[in-house]
Every structure is written in structure tokens, then in C-alpha cells.
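Student: Below is the file coords_24.txt, with compact mmCIF, C-alpha atoms.
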# COMPACT_ATOMS: atom_id res chain seq x y z
CA MET A 39 8.79 22.23 3.78
CA MET A 40 7.45 25.11 5.85
CA LEU A 41 4.83 25.87 3.16
CA ASN A 42 3.65 22.26 3.19
CA TYR A 43 3.46 22.32 6.97
CA LEU A 44 1.32 25.47 6.92
CA ARG A 45 -0.97 23.96 4.29
CA GLN A 46 -1.55 20.91 6.47
CA LEU A 47 -2.09 23.11 9.52
CA LEU A 48 -4.71 25.24 7.76
CA LYS A 49 -6.39 22.34 5.95
CA PRO A 50 -10.03 21.88 7.07
CA LYS A 51 -10.40 18.97 9.51
CA TYR A 52 -13.65 17.05 9.21
CA PRO A 53 -14.83 13.43 9.21
CA THR A 54 -15.60 11.86 5.84
CA LEU A 55 -18.55 9.69 4.83
CA ASN A 56 -16.26 7.16 3.13
CA GLN A 57 -12.84 6.02 4.24
CA ILE A 58 -10.26 3.34 3.55
CA GLU A 59 -8.46 1.93 6.57
CA ILE A 60 -5.00 0.38 6.25
CA LYS A 61 -3.63 -1.89 8.99
CA SER A 62 0.09 -1.19 9.17
CA GLU A 63 0.68 -4.31 11.27
CA ALA A 64 -0.71 -6.46 8.45
CA ILE A 65 1.74 -4.83 6.01
CA PHE A 66 4.63 -5.47 8.42
CA HIS A 67 3.51 -9.09 8.82
CA ASN A 68 3.37 -9.62 5.05
CA LEU A 69 6.80 -8.08 4.56
CA LYS A 70 8.27 -10.39 7.20
CA LEU A 71 6.61 -13.46 5.68
CA LEU A 72 7.82 -12.67 2.15
CA GLN A 73 11.32 -11.88 3.35
CA ALA A 74 11.45 -15.26 5.11
CA MET A 75 10.57 -16.96 1.82
CA GLN A 76 13.57 -15.33 0.09
CA PRO A 77 16.04 -14.43 2.88
CA GLN A 78 18.86 -13.67 0.44
CA ALA A 79 16.81 -11.12 -1.50
CA GLN A 80 15.86 -7.50 -0.88
CA VAL A 81 12.11 -6.89 -0.90
CA ILE A 82 11.08 -4.16 -3.36
CA PRO A 83 7.35 -3.59 -2.77
CA VAL A 84 5.39 -2.58 -5.87
CA LEU A 85 3.38 0.57 -5.12
CA LYS A 86 2.12 1.37 -8.60
CA SER A 87 -1.52 2.33 -9.32
CA ASN A 88 -1.90 4.23 -6.04
CA ALA A 89 -0.36 1.31 -4.14
CA TYR A 90 -3.05 -1.06 -5.44
CA GLY A 91 -5.71 1.29 -4.08
CA HIS A 92 -4.17 1.50 -0.60
CA GLY A 93 -2.85 5.04 -1.12
CA LEU A 94 0.68 5.73 -2.34
CA LYS A 95 1.34 8.39 0.29
CA GLU A 96 0.09 6.19 3.11
CA MET A 97 2.02 3.12 1.97
CA CYS A 98 5.20 5.19 1.70
CA GLN A 99 4.71 6.27 5.30
CA ILE A 100 4.12 2.70 6.46
CA LEU A 101 7.14 1.33 4.57
CA ASN A 102 9.37 4.06 6.01
CA LYS A 103 8.63 2.60 9.45
CA ALA A 104 9.49 -0.86 8.12
CA LYS A 105 12.81 0.53 6.87
CA VAL A 106 12.18 -0.68 3.31
CA GLN A 107 15.09 0.46 1.15
CA MET A 108 13.45 0.60 -2.29
CA ILE A 109 9.96 0.66 -3.78
CA ALA A 110 8.82 0.16 -7.39
CA LEU A 111 6.55 2.65 -9.19
CA ASP A 112 5.09 2.87 -12.67
CA SER A 113 4.94 6.53 -13.65
CA PHE A 114 6.38 10.02 -13.30
CA PRO A 115 3.36 11.38 -11.34
CA GLU A 116 3.83 8.56 -8.83
CA LEU A 117 7.49 9.49 -8.51
CA GLN A 118 6.56 13.02 -7.46
CA ILE A 119 4.52 11.69 -4.55
CA ALA A 120 7.13 9.15 -3.51
CA TYR A 121 9.96 11.70 -3.58
CA ARG A 122 7.99 13.62 -0.98
CA TYR A 123 6.85 10.81 1.30
CA PHE A 124 9.31 7.92 0.90
CA LYS A 125 12.80 8.08 2.38
CA GLY A 126 14.50 5.39 0.32
CA LYS A 127 15.22 4.71 -3.33
CA ILE A 128 12.68 4.29 -6.08
CA LEU A 129 12.72 1.88 -9.02
CA LEU A 130 10.78 3.21 -11.99
CA ILE A 131 9.36 0.15 -13.74
CA GLY A 132 7.15 1.99 -16.24
CA GLU A 133 7.92 4.08 -19.30
CA MET A 134 7.74 7.87 -19.21
CA PRO A 135 8.15 10.74 -21.68
CA VAL A 136 11.80 11.22 -22.53
CA GLU A 137 11.54 14.91 -21.61
CA ALA A 138 10.48 14.02 -18.06
CA TYR A 139 13.79 12.32 -17.25
CA SER A 140 15.34 15.76 -16.68
CA TYR A 141 13.20 16.09 -13.53
CA LEU A 142 14.42 12.90 -11.91
CA LYS A 143 16.28 12.90 -8.62
CA TRP A 144 19.14 10.82 -9.97
CA SER A 145 20.60 9.87 -6.59
CA ARG A 146 17.30 8.31 -5.49
CA THR A 147 15.99 6.82 -8.72
CA GLU A 148 16.80 3.66 -10.67
CA ILE A 149 15.14 3.04 -14.03
CA CYS A 150 14.10 -0.09 -15.90
CA VAL A 151 15.31 0.01 -19.50
CA TYR A 152 13.26 -1.91 -22.04
CA ASN A 153 14.51 -0.50 -25.34
CA SER A 154 17.04 1.56 -27.27
CA THR A 155 15.07 4.81 -27.00
CA THR A 156 15.14 4.87 -23.21
CA LEU A 157 18.76 3.74 -23.03
CA LYS A 158 19.96 6.48 -25.39
CA ALA A 159 17.86 9.15 -23.68
CA LEU A 160 19.27 8.32 -20.25
CA ALA A 161 22.85 8.13 -21.53
CA ALA A 162 22.49 11.58 -23.06
CA TYR A 163 22.07 13.17 -19.63
CA LYS A 164 25.61 12.08 -18.65
CA LYS A 165 24.37 11.49 -15.09
CA GLN A 166 25.52 7.89 -14.75
CA ALA A 167 21.87 6.95 -14.40
CA ARG A 168 21.33 3.69 -12.54
CA ILE A 169 19.50 1.29 -14.82
CA HIS A 170 17.98 -2.18 -14.60
CA LEU A 171 18.08 -3.98 -17.94
CA PHE A 172 14.68 -5.61 -18.49
CA VAL A 173 14.91 -8.74 -20.62
CA ASN A 174 11.96 -10.30 -22.42
CA THR A 175 11.86 -13.86 -21.13
CA GLY A 176 8.54 -14.85 -22.65
CA MET A 177 5.70 -12.50 -21.71
CA ASN A 178 6.34 -10.60 -24.96
CA ARG A 179 4.89 -7.29 -23.81
CA GLU A 180 8.15 -5.42 -23.56
CA GLY A 181 11.83 -5.86 -22.90
CA ILE A 182 15.12 -6.72 -24.56
CA LYS A 183 14.71 -9.89 -26.63
CA ASN A 184 18.36 -10.64 -27.31
CA LEU A 185 20.63 -9.18 -24.65
CA PRO A 186 24.00 -10.01 -26.32
CA SER A 187 22.92 -8.26 -29.53
CA PHE A 188 21.52 -5.32 -27.58
CA TRP A 189 24.74 -5.07 -25.60
CA HIS A 190 27.04 -4.97 -28.62
CA GLU A 191 24.76 -2.60 -30.54
CA HIS A 192 24.71 -0.05 -27.70
CA LEU A 193 28.15 -0.55 -26.20
CA ASP A 194 29.09 3.11 -26.67
CA TYR A 195 26.19 4.26 -24.49
CA PHE A 196 26.92 2.07 -21.47
CA SER A 197 29.90 4.16 -20.40
CA ASP A 198 27.45 6.94 -19.49
CA LEU A 199 25.23 4.61 -17.48
CA LYS A 200 25.53 2.34 -14.47
CA ILE A 201 23.90 -1.09 -14.75
CA THR A 202 22.69 -1.88 -11.24
CA GLY A 203 19.96 -4.39 -12.05
CA LEU A 204 18.73 -7.17 -14.31
CA CYS A 205 15.02 -7.94 -14.30
CA SER A 206 12.09 -9.55 -16.08
CA HIS A 207 8.48 -10.50 -15.40
CA LEU A 208 6.91 -13.94 -14.93
CA PHE A 209 3.73 -14.50 -16.95
CA ASP A 210 2.42 -17.61 -15.15
CA ALA A 211 4.12 -17.63 -11.76
CA GLU A 212 1.10 -19.21 -10.08
CA GLY A 213 0.91 -22.02 -12.68
CA ASP A 214 2.47 -25.48 -12.78
CA GLY A 215 6.06 -24.22 -12.87
CA VAL A 216 6.89 -25.18 -16.47
CA SER A 217 6.67 -21.60 -17.68
CA ASN A 218 8.69 -20.42 -14.69
CA ASN A 219 11.50 -22.81 -15.51
CA GLN A 220 11.57 -21.76 -19.16
CA GLN A 221 11.68 -18.08 -18.24
CA LEU A 222 14.28 -18.58 -15.52
CA LYS A 223 16.55 -20.38 -17.99
CA ILE A 224 16.47 -17.39 -20.35
CA PHE A 225 16.79 -14.96 -17.46
CA PHE A 226 19.87 -16.55 -15.94
CA GLN A 227 21.48 -16.92 -19.37
CA ALA A 228 21.19 -13.12 -19.56
CA LEU A 229 22.77 -12.84 -16.12
CA ASP A 230 25.63 -15.12 -17.17
CA PHE A 231 26.20 -12.93 -20.22
CA LEU A 232 26.42 -9.77 -18.10
CA ASN A 233 28.80 -11.49 -15.70
CA SER A 234 30.97 -12.52 -18.64
CA LYS A 235 31.28 -8.81 -19.47
CA ASN A 236 32.37 -8.14 -15.89
CA CYS A 237 28.98 -6.59 -15.14
CA LYS A 238 27.56 -7.83 -11.84
CA PRO A 239 24.23 -6.11 -11.09
CA ASN A 240 23.26 -5.62 -7.46
CA TYR A 241 19.59 -6.31 -8.10
CA VAL A 242 18.65 -9.52 -9.91
CA HIS A 243 14.86 -9.78 -9.85
CA ILE A 244 12.10 -11.59 -11.70
CA ALA A 245 9.83 -12.85 -8.89
CA ASN A 246 6.43 -11.23 -8.44
CA SER A 247 4.11 -12.15 -5.53
CA ALA A 248 3.56 -15.74 -6.69
CA GLY A 249 7.18 -16.07 -7.73
CA VAL A 250 8.32 -15.34 -4.19
CA PHE A 251 6.69 -18.64 -3.18
CA THR A 252 7.44 -20.74 -6.27
CA ILE A 253 11.06 -19.87 -7.11
CA ASN A 254 13.96 -21.24 -5.09
CA ASP A 255 17.14 -19.79 -6.54
CA LYS A 256 19.75 -17.98 -4.49
CA ARG A 257 20.90 -16.01 -7.54
CA LEU A 258 17.88 -13.76 -7.04
CA THR A 259 19.02 -10.79 -4.98
CA ALA A 260 15.70 -8.93 -5.01
CA ILE A 261 11.98 -9.70 -5.23
CA ARG A 262 9.08 -7.49 -6.45
CA PRO A 263 5.88 -8.49 -4.65
CA GLY A 264 2.76 -6.48 -5.35
CA LEU A 265 -0.50 -8.19 -4.38
CA ALA A 266 1.10 -10.19 -1.56
CA ILE A 267 2.40 -7.08 0.21
CA TYR A 268 -1.21 -6.04 0.70
CA GLY A 269 -2.17 -9.45 2.06
CA TYR A 270 -3.85 -11.27 -0.83
CA ASN A 271 -3.16 -14.84 -1.87
CA PRO A 272 -2.08 -15.05 -5.55
CA PHE A 273 -2.83 -18.79 -5.79
CA SER A 274 -5.97 -20.81 -6.40
CA VAL A 275 -7.12 -23.29 -3.76
CA ALA A 276 -5.81 -26.15 -5.90
CA SER A 277 -2.24 -24.82 -5.82
CA PRO A 278 0.29 -26.52 -3.51
CA TYR A 279 1.38 -23.02 -2.51
CA PHE A 280 -2.09 -21.84 -1.48
CA LYS A 281 -1.84 -22.88 2.18
CA GLU A 282 1.45 -21.10 2.77
CA ALA A 283 0.24 -17.93 1.03
CA GLU A 284 -2.92 -17.97 3.16
CA LYS A 285 -0.71 -16.71 5.99
CA LEU A 286 -0.78 -13.31 4.30
CA GLN A 287 -3.03 -10.79 6.05
CA PRO A 288 -5.23 -8.32 4.12
CA ALA A 289 -4.58 -4.76 5.28
CA LEU A 290 -7.48 -2.90 3.67
CA SER A 291 -11.05 -2.30 4.79
CA ILE A 292 -13.57 0.22 3.43
CA ILE A 293 -16.24 1.95 5.48
CA SER A 294 -19.15 4.11 4.34
CA THR A 295 -21.98 5.91 6.16
CA VAL A 296 -25.77 5.79 5.99
CA VAL A 297 -27.02 9.14 4.61
CA SER A 298 -30.66 8.35 3.88
CA LEU A 299 -33.39 5.96 5.03
CA GLN A 300 -36.47 4.98 3.04
CA GLU A 301 -39.40 2.74 3.94
CA LEU A 302 -40.79 0.40 1.28
CA GLN A 303 -44.16 -1.16 0.79
CA ALA A 304 -44.56 -4.53 -0.92
CA GLY A 305 -43.98 -4.06 -4.64
CA ASP A 306 -41.95 -0.85 -4.39
CA ALA A 307 -39.00 -0.55 -6.80
CA VAL A 308 -35.48 0.49 -5.84
CA SER A 309 -32.88 2.36 -7.93
CA TYR A 310 -32.59 2.53 -11.74
CA ASN A 311 -34.70 0.39 -14.05
CA ALA A 312 -36.52 -1.29 -11.13
CA THR A 313 -34.25 -4.33 -11.06
CA TYR A 314 -35.28 -4.84 -7.43
CA ARG A 315 -38.83 -4.82 -6.04
CA SER A 316 -39.67 -5.49 -2.42
CA GLU A 317 -41.81 -8.50 -1.63
CA LYS A 318 -42.81 -7.14 1.77
CA GLU A 319 -42.41 -4.05 3.94
CA GLU A 320 -38.71 -3.25 4.14
CA LYS A 321 -36.21 -0.48 4.82
CA ILE A 322 -33.62 0.93 2.47
CA ALA A 323 -30.41 2.48 3.84
CA VAL A 324 -28.49 4.59 1.33
CA ILE A 325 -24.71 5.08 1.36
CA PRO A 326 -22.70 7.63 -0.69
CA PHE A 327 -20.55 4.98 -2.36
CA GLY A 328 -21.22 4.02 -5.97
CA TYR A 329 -19.38 2.91 -9.07
CA TYR A 330 -17.47 6.21 -9.20
CA GLU A 331 -16.01 5.37 -5.80
CA GLY A 332 -15.23 1.84 -6.98
CA LEU A 333 -18.22 -0.36 -6.16
CA ASP A 334 -18.77 -2.34 -9.35
CA ARG A 335 -22.25 -2.42 -10.95
CA ARG A 336 -21.87 -6.18 -11.37
CA LEU A 337 -22.47 -6.46 -7.63
CA SER A 338 -25.97 -5.01 -8.04
CA ASN A 339 -28.58 -7.12 -6.19
CA LEU A 340 -25.84 -9.56 -5.14
CA ALA A 341 -23.39 -8.25 -2.56
CA ARG A 342 -23.92 -8.25 1.19
CA PHE A 343 -22.31 -5.85 3.65
CA GLN A 344 -22.21 -5.22 7.39
CA LEU A 345 -24.07 -2.29 8.95
CA PHE A 346 -23.27 -1.25 12.52
CA HIS A 347 -25.94 0.37 14.67
CA GLU A 348 -24.51 1.11 18.11
CA ASP A 349 -23.12 -2.30 19.24
CA LYS A 350 -25.19 -4.39 16.81
CA LYS A 351 -23.95 -5.78 13.49
CA ILE A 352 -26.65 -6.15 10.83
CA GLU A 353 -26.27 -8.00 7.51
CA VAL A 354 -27.59 -5.88 4.65
CA GLN A 355 -28.21 -6.81 0.99
CA LEU A 356 -27.40 -4.58 -1.96
CA ALA A 357 -30.79 -3.71 -3.50
CA GLY A 358 -31.16 -2.49 -7.07
CA ARG A 359 -28.44 -1.18 -9.31
CA VAL A 360 -25.33 0.47 -7.95
CA CYS A 361 -25.54 4.17 -8.89
CA MET A 362 -22.73 6.58 -9.73
CA ASN A 363 -22.37 7.90 -6.17
CA LEU A 364 -25.06 6.06 -4.19
CA THR A 365 -25.92 2.48 -3.30
CA CYS A 366 -29.11 1.16 -1.69
CA LEU A 367 -29.05 -1.51 1.00
CA ARG A 368 -32.05 -3.60 2.01
CA LEU A 369 -32.86 -4.63 5.57
CA ASP A 370 -35.89 -5.77 7.50
CA ARG A 371 -38.45 -3.14 8.50
CA GLU A 372 -38.09 -3.96 12.21
CA GLU A 373 -34.33 -3.31 12.28
CA THR A 374 -33.30 -0.12 14.07
CA VAL A 375 -30.99 1.94 11.84
CA SER A 376 -29.99 5.60 11.97
CA ILE A 377 -28.50 8.12 9.58
CA GLY A 378 -24.80 8.20 10.44
CA ASP A 379 -24.48 4.45 11.05
CA ARG A 380 -21.35 2.95 9.55
CA VAL A 381 -21.33 0.27 6.83
CA LEU A 382 -18.38 -2.06 6.30
CA LEU A 383 -18.19 -2.52 2.53
CA VAL A 384 -14.89 -4.39 2.32
CA SER A 385 -13.76 -6.52 5.25
CA ASP A 386 -10.14 -7.42 5.95
CA ASN A 387 -11.37 -10.77 7.28
CA LYS A 388 -10.95 -13.38 4.51
CA SER A 389 -13.87 -15.47 5.79
CA ASP A 390 -16.39 -12.60 5.65
CA TYR A 391 -18.93 -12.52 2.82
CA ASN A 392 -17.71 -9.00 1.98
CA SER A 393 -14.03 -9.83 1.86
CA LEU A 394 -12.34 -8.60 -1.30
CA GLU A 395 -11.77 -12.17 -2.47
CA LYS A 396 -15.47 -13.02 -2.24
CA LEU A 397 -16.57 -9.76 -3.85
CA ALA A 398 -14.15 -10.32 -6.75
CA ASP A 399 -15.47 -13.83 -7.27
CA MET A 400 -19.07 -12.58 -7.11
CA GLN A 401 -18.55 -10.01 -9.83
CA GLY A 402 -16.50 -12.37 -12.00
CA SER A 403 -13.28 -10.41 -11.70
CA ILE A 404 -9.93 -10.43 -9.91
CA ILE A 405 -8.73 -8.73 -6.73
CA TYR A 406 -6.33 -6.52 -8.71
CA GLU A 407 -9.20 -4.91 -10.61
CA LEU A 408 -11.26 -4.20 -7.51
CA LEU A 409 -8.33 -2.65 -5.65
CA VAL A 410 -7.17 -0.24 -8.33
CA LYS A 411 -10.69 1.04 -9.03
CA PHE A 412 -11.23 2.49 -5.56
CA GLN A 413 -11.11 6.25 -5.98
CA ALA A 414 -7.80 7.80 -4.97
CA ASN A 415 -9.58 10.72 -3.27
CA ILE A 416 -11.22 8.51 -0.62
CA ARG A 417 -9.61 9.39 2.70
CA LYS A 418 -7.06 6.85 3.91
CA ILE A 419 -6.57 6.14 7.60
CA ILE A 420 -3.48 4.28 8.81
CA LYS A 421 -4.29 2.00 11.71
Any chance you could give the structure as C-alpha cells?
Tutor:
Amino acid sequence: MMLNYLRQLLKPKYPTLNQIEIKSEAIFHNLKLLQAMQPQAQVIPVLKSNAYGHGLKEMCQILNKAKVQMIALDSFPELQIAYRYFKGKILLIGEMPVEAYSYLKWSRTEICVYNSTTLKALAAYKKQARIHLFVNTGMNREGIKNLPSFWHEHLDYFSDLKITGLCSHLFDAEGDGVSNNQQLKIFFQALDFLNSKNCKPNYVHIANSAGVFTINDKRLTAIRPGLAIYGYNPFSVASPYFKEAEKLQPALSIISTVVSLQELQAGDAVSYNATYRSEKEEKIAVIPFGYYEGLDRRLSNLARFQLFHEDKKIEVQLAGRVCMNLTCLRLDREETVSIGDRVLLVSDNKSDYNSLEKLADMQGSIIYELLVKFQANIRKIIK
């Protein structure tokens, strides 16, 4: 601990040209809203993939203040970060090399078990590992297909384990509900089987973000929201659940900095392959944020952002192709802009033209993809 403190103390302190800002109050609001939807269930926020681009370390720190008891992660490297920054328990929902289980902090970790290999490996440690049996209810990616058969086949191993959870994953939670009902039927049959064996897991969870809104069953004792924790609506406008989920508040915004200014004459080309040519005299402001940092090339010549010069907000258009580490922004020649001005790339305001929802729609993708592609090394600021 002292070594880490000294490292932080001696670490160079300087402003960065790009930063991601996370509104903690929005996270708290989303947690409260989701908890109200399922008051009987414990909220287990999913923080995999660098907390959906929000920063695993930073989200751990925010959730500590919210007194969240358990988070869900996907991998062993994520566990190492969470052990350091999160105070509660951790549910490992992804697979990991069998050899890595020896490095787990058993008192703080619970593990999803999808197959015989994992079950046997965990039992061999004789640590009474806490496990959540993951049943395949229809997604058919992973999981235990026939729980009674699995139970009887591996009965000798269960004495060295502690079953604390039963879980699965919805594959169409935001749909018309038919798939949900089919999966829930299989899921609760598995729960009834465990109960018949005098096994009563503390955590019974299948609901993802959309499932929190669509499922009404008091037998669920935990929920696993991912996207909704960060403030994004999992439903389409046509869904009857869309309006309620619109109460979620996005927590993330991304800011870059103008590092270069160029003046164009009519007919001048911008960026690779001359996909943009000016029709009149214009200015180009360049920011150090490209597709390496997570700005998709499909937004080339399409996206609009907000540039701030002193107290003035200026709408700027992406001009030419997004480069690896640079992006060019077009504005009128008469606009006053300076190197060092800030550019809001992603707004946390849903109605803005550079909200994550609108950018995802513009590039023909989904919010999940945009979030997880933002580089993990971009500095995160908790607001």
C-alpha cells in the first residue's frame, strides 16, 4: 500500500489532450432507478470490458460510494484491478485459464460455472469455492443444458464447492416477451430442481438491463444490468418500455483539444484520399483523437461535434477521413478558434447531435460497440 501511495505521489501531474468524464450522480441515479424496478433483488453491476469504456478503476470507486455489494467481471486481468479498487465481492462471469484460479481471493470471489472442466478444477482446490451454476436457457453460447443430468454426473464434486447462485442470460430481453417467457420457464425449472435437492442459492439472476424492466418475478434475488447502469436505454422507440427506460441518465462525455489550425482555399482537400474538398474558404481544426482512440472511420464526413472558444459554442463538422490519431473538423473561416480550445466529442445529453445514441445510429452500429472501443488509456475524470 505504501509503495502504491509513493507511486501516485511521484507520478507526473499534467493535463491531457483527451479525457473521458464520468458523472457519478448519473450512476447513482441509474442504480436507484433500476433498484426500484426490482426492489427484492440485489443489483450486480456488470463492469466487464473496462466498465463499458467508463474505466474499471473509476467505476469501482464510484460504486464503493454507492455501497454496491457485488460487481460482475469477465476476466482475470479485470479481477486484479477490482481486487485493488473495489471493496465488495466480485462475480466472475467469464472463463479463465484453469491455472489462474490459484490466484483468486476466494473470500471475495464467486465464479460462474458453465461446464464440467471449470467445476472439477474449482473443486480440486478444496476451498469451498462459491459458484453460480449457469444454465443454458436458449442462447446456446454456453452453459449447462440439462441441470439434473449435470447434477447427478458431478455429485461427488459438489461437496467441495458451495453453490451460492443460479444464473442464465436472456437473448432477446428487449423483444416481445415470448422468448423471455420460454427462457424463464426453463430457468425456474432449474431453480425448482436445486430446491428439491435442498440447495437454495442466494443469488438467482437472469435479468440483464432490458430484463430489469421486462421481467416481473419475485423469485429473482439479483439483477445484472450493464448498459443501463451507464445510462443508456436498451429499448427501441417502439417498445412499451422505452419511455420508462428514458429516465436513465448517460454518465459519459468525451472531450478533446484543438492542436492545429489550417486555412483552406476553395477546392483544397482534407485528410486521406481527398474524400472532402472545400467549396469555399474555410478553417480546419485538428484534434488528437482518431480511430485508435475510438472514433470510428464510419463517421468520416458525417459527425458533428461542439467546439468551445471562450464562452462560445461552435458546431463543427468532421471533414475527411478519421485518421489513426487525428481528426479534422471544418468550420467557417470567420469563426475565432484557438489552439487549446476544447471539443466535446461525445455529449451526455441525449438530445445532442453528438450523443452516443446518435453517433451509433450514424455509423450503423450499437452503443455497446462505441463504448468498448474507447481506448482504456484515455484519462478518466470522475465528476
Student: For CA of Glu373 (chain A) and CA of Val360 (chain A), quote the distance in Å rounded to one decimal.
Tutor: 22.5 Å
Student: Between CA of Ser113 (chain A) and CA of Leu208 (chain A), what is the distance in Å, rounded to a tenth?
Tutor: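 Taking CA of Ser113 (chain A) as the start and CA of Leu208 (chain A) as the end point, the length is 20.6 Å.
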Student: Counting all atoms listed in the file, what is within 9 Å of Ile352 (chain A), bar same-chain residues fewer than 2 positions away, as a PyMOL selection string?
Tutor: chain A and resi 343-347+350+354+369+373
Student: Point out the residue among A:Pro186, A:Pro239, A:Pro53, A:Pro288 with the least atom-to-atom distance to His170 (chain A), counting all atoms listed in the file.
Tutor: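 Of A:Pro186, A:Pro239, A:Pro53, A:Pro288, the one nearest His170 (chain A), counting all atoms listed in the file, is A:Pro239.
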Student: Compile the contact shell of region 404-420 of chain A as a list of chain:residue names: residues with an atom at most 8 Å away, counting all atoms listed in the file, same-chain residues fewer than 3 positions apart removed.
Tutor: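 Using all atoms listed in the file, the neighbours found are A:Thr54, A:Asn56, A:Gln57, A:Ile58, A:Glu59, A:Ile60, A:Lys61, A:Ser62, A:Ser87, A:Asn88, A:Tyr90, A:Gly91, A:His92, A:Gly93, A:Glu96, A:Leu265, A:Tyr330, A:Glu331, A:Gly332, A:Leu333, A:Asp334, A:Leu394, A:Glu395, A:Ala398, A:Asp399.
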Student: Nearest residue to Lys165 (chain A) out of A:Tyr270, A:Tyr139, A:Tyr152, A:Tyr279, using all atoms listed in the file?
Tutor: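 Nearest candidate to Lys165 (chain A) out of A:Tyr270, A:Tyr139, A:Tyr152, A:Tyr279: A:Tyr139.
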Student: I'd like the contact shell of region 140-147 of chain A - 9 Å cut-off, all atoms listed in the file, skipping same-chain residues fewer than 6 positions apart - returned as a PyMOL selection string.
Tutor: chain A and resi 114+117+121+126-130+163+165-169
Student: Do you have the CA of Lys70 (chain A)-CA of Ala110 (chain A) distance handy?
Tutor: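 The value is 18.0 Å.
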Student: Which of these, A:Leu171, A:Leu340, A:Val242, A:Leu356, has the shortest distance to Val151 (chain A) once you count only C-alpha atoms?
Tutor: A:Leu171
Student: Find, counting all atoms listed in the file, the residue in A:Glu137, A:Arg336, A:Leu72, A:Ile377 that gets nearest to Gly402 (chain A).
Tutor: A:Arg336
Student: Taking (17.8, -7.8, -1.7) in the coordinates of the supplied file, I want to know which residues reach to within 6 Å of it, counting all atoms listed in the file; could you give the answer as a list in words?
Tutor: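 The answer, in the requested form, is Ala79, Gln80, Val81, Thr259 and Ala260 of chain A.
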Student: Quick one: residues within 7 Å of region 307-314 of chain A, all atoms listed in the file counted, chain neighbours fewer than 3 positions away excluded, as a PDB file with C-alpha atoms, keeping the file's coordinate frame?
Tutor:
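Full text of selection.pdb as output:
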ATOM      1  CA  ALA A 357     -30.790  -3.710  -3.500  1.00  0.00           C
ATOM      2  CA  GLY A 358     -31.160  -2.490  -7.070  1.00  0.00           C
ATOM      3  CA  ARG A 359     -28.440  -1.180  -9.310  1.00  0.00           C
TER       4      ARG A 359
END
Student: Write out as a VMD selection string the residues lying within 6 Å of region 212-220 of chain A, counting all atoms listed in the file and excluding same-chain residues fewer than 3 positions away.
Tutor: chain A and resid 223 248 273
Student: Out of A:Lys51, A:His207, A:Lys200, A:Lys164, which residue has the shortest atom-to-atom distance to Met177 (chain A) when counting all atoms listed in the file?
Tutor: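 Nearest to Met177 (chain A): A:His207.
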Student: Counting only C-alpha atoms, figure out which residue out of A:Lys281, A:Arg257, A:Arg368, A:Arg315 gets nearest to Gln78 (chain A).
Tutor: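 Among the listed residues, the smallest separation from Gln78 (chain A) belongs to A:Arg257.
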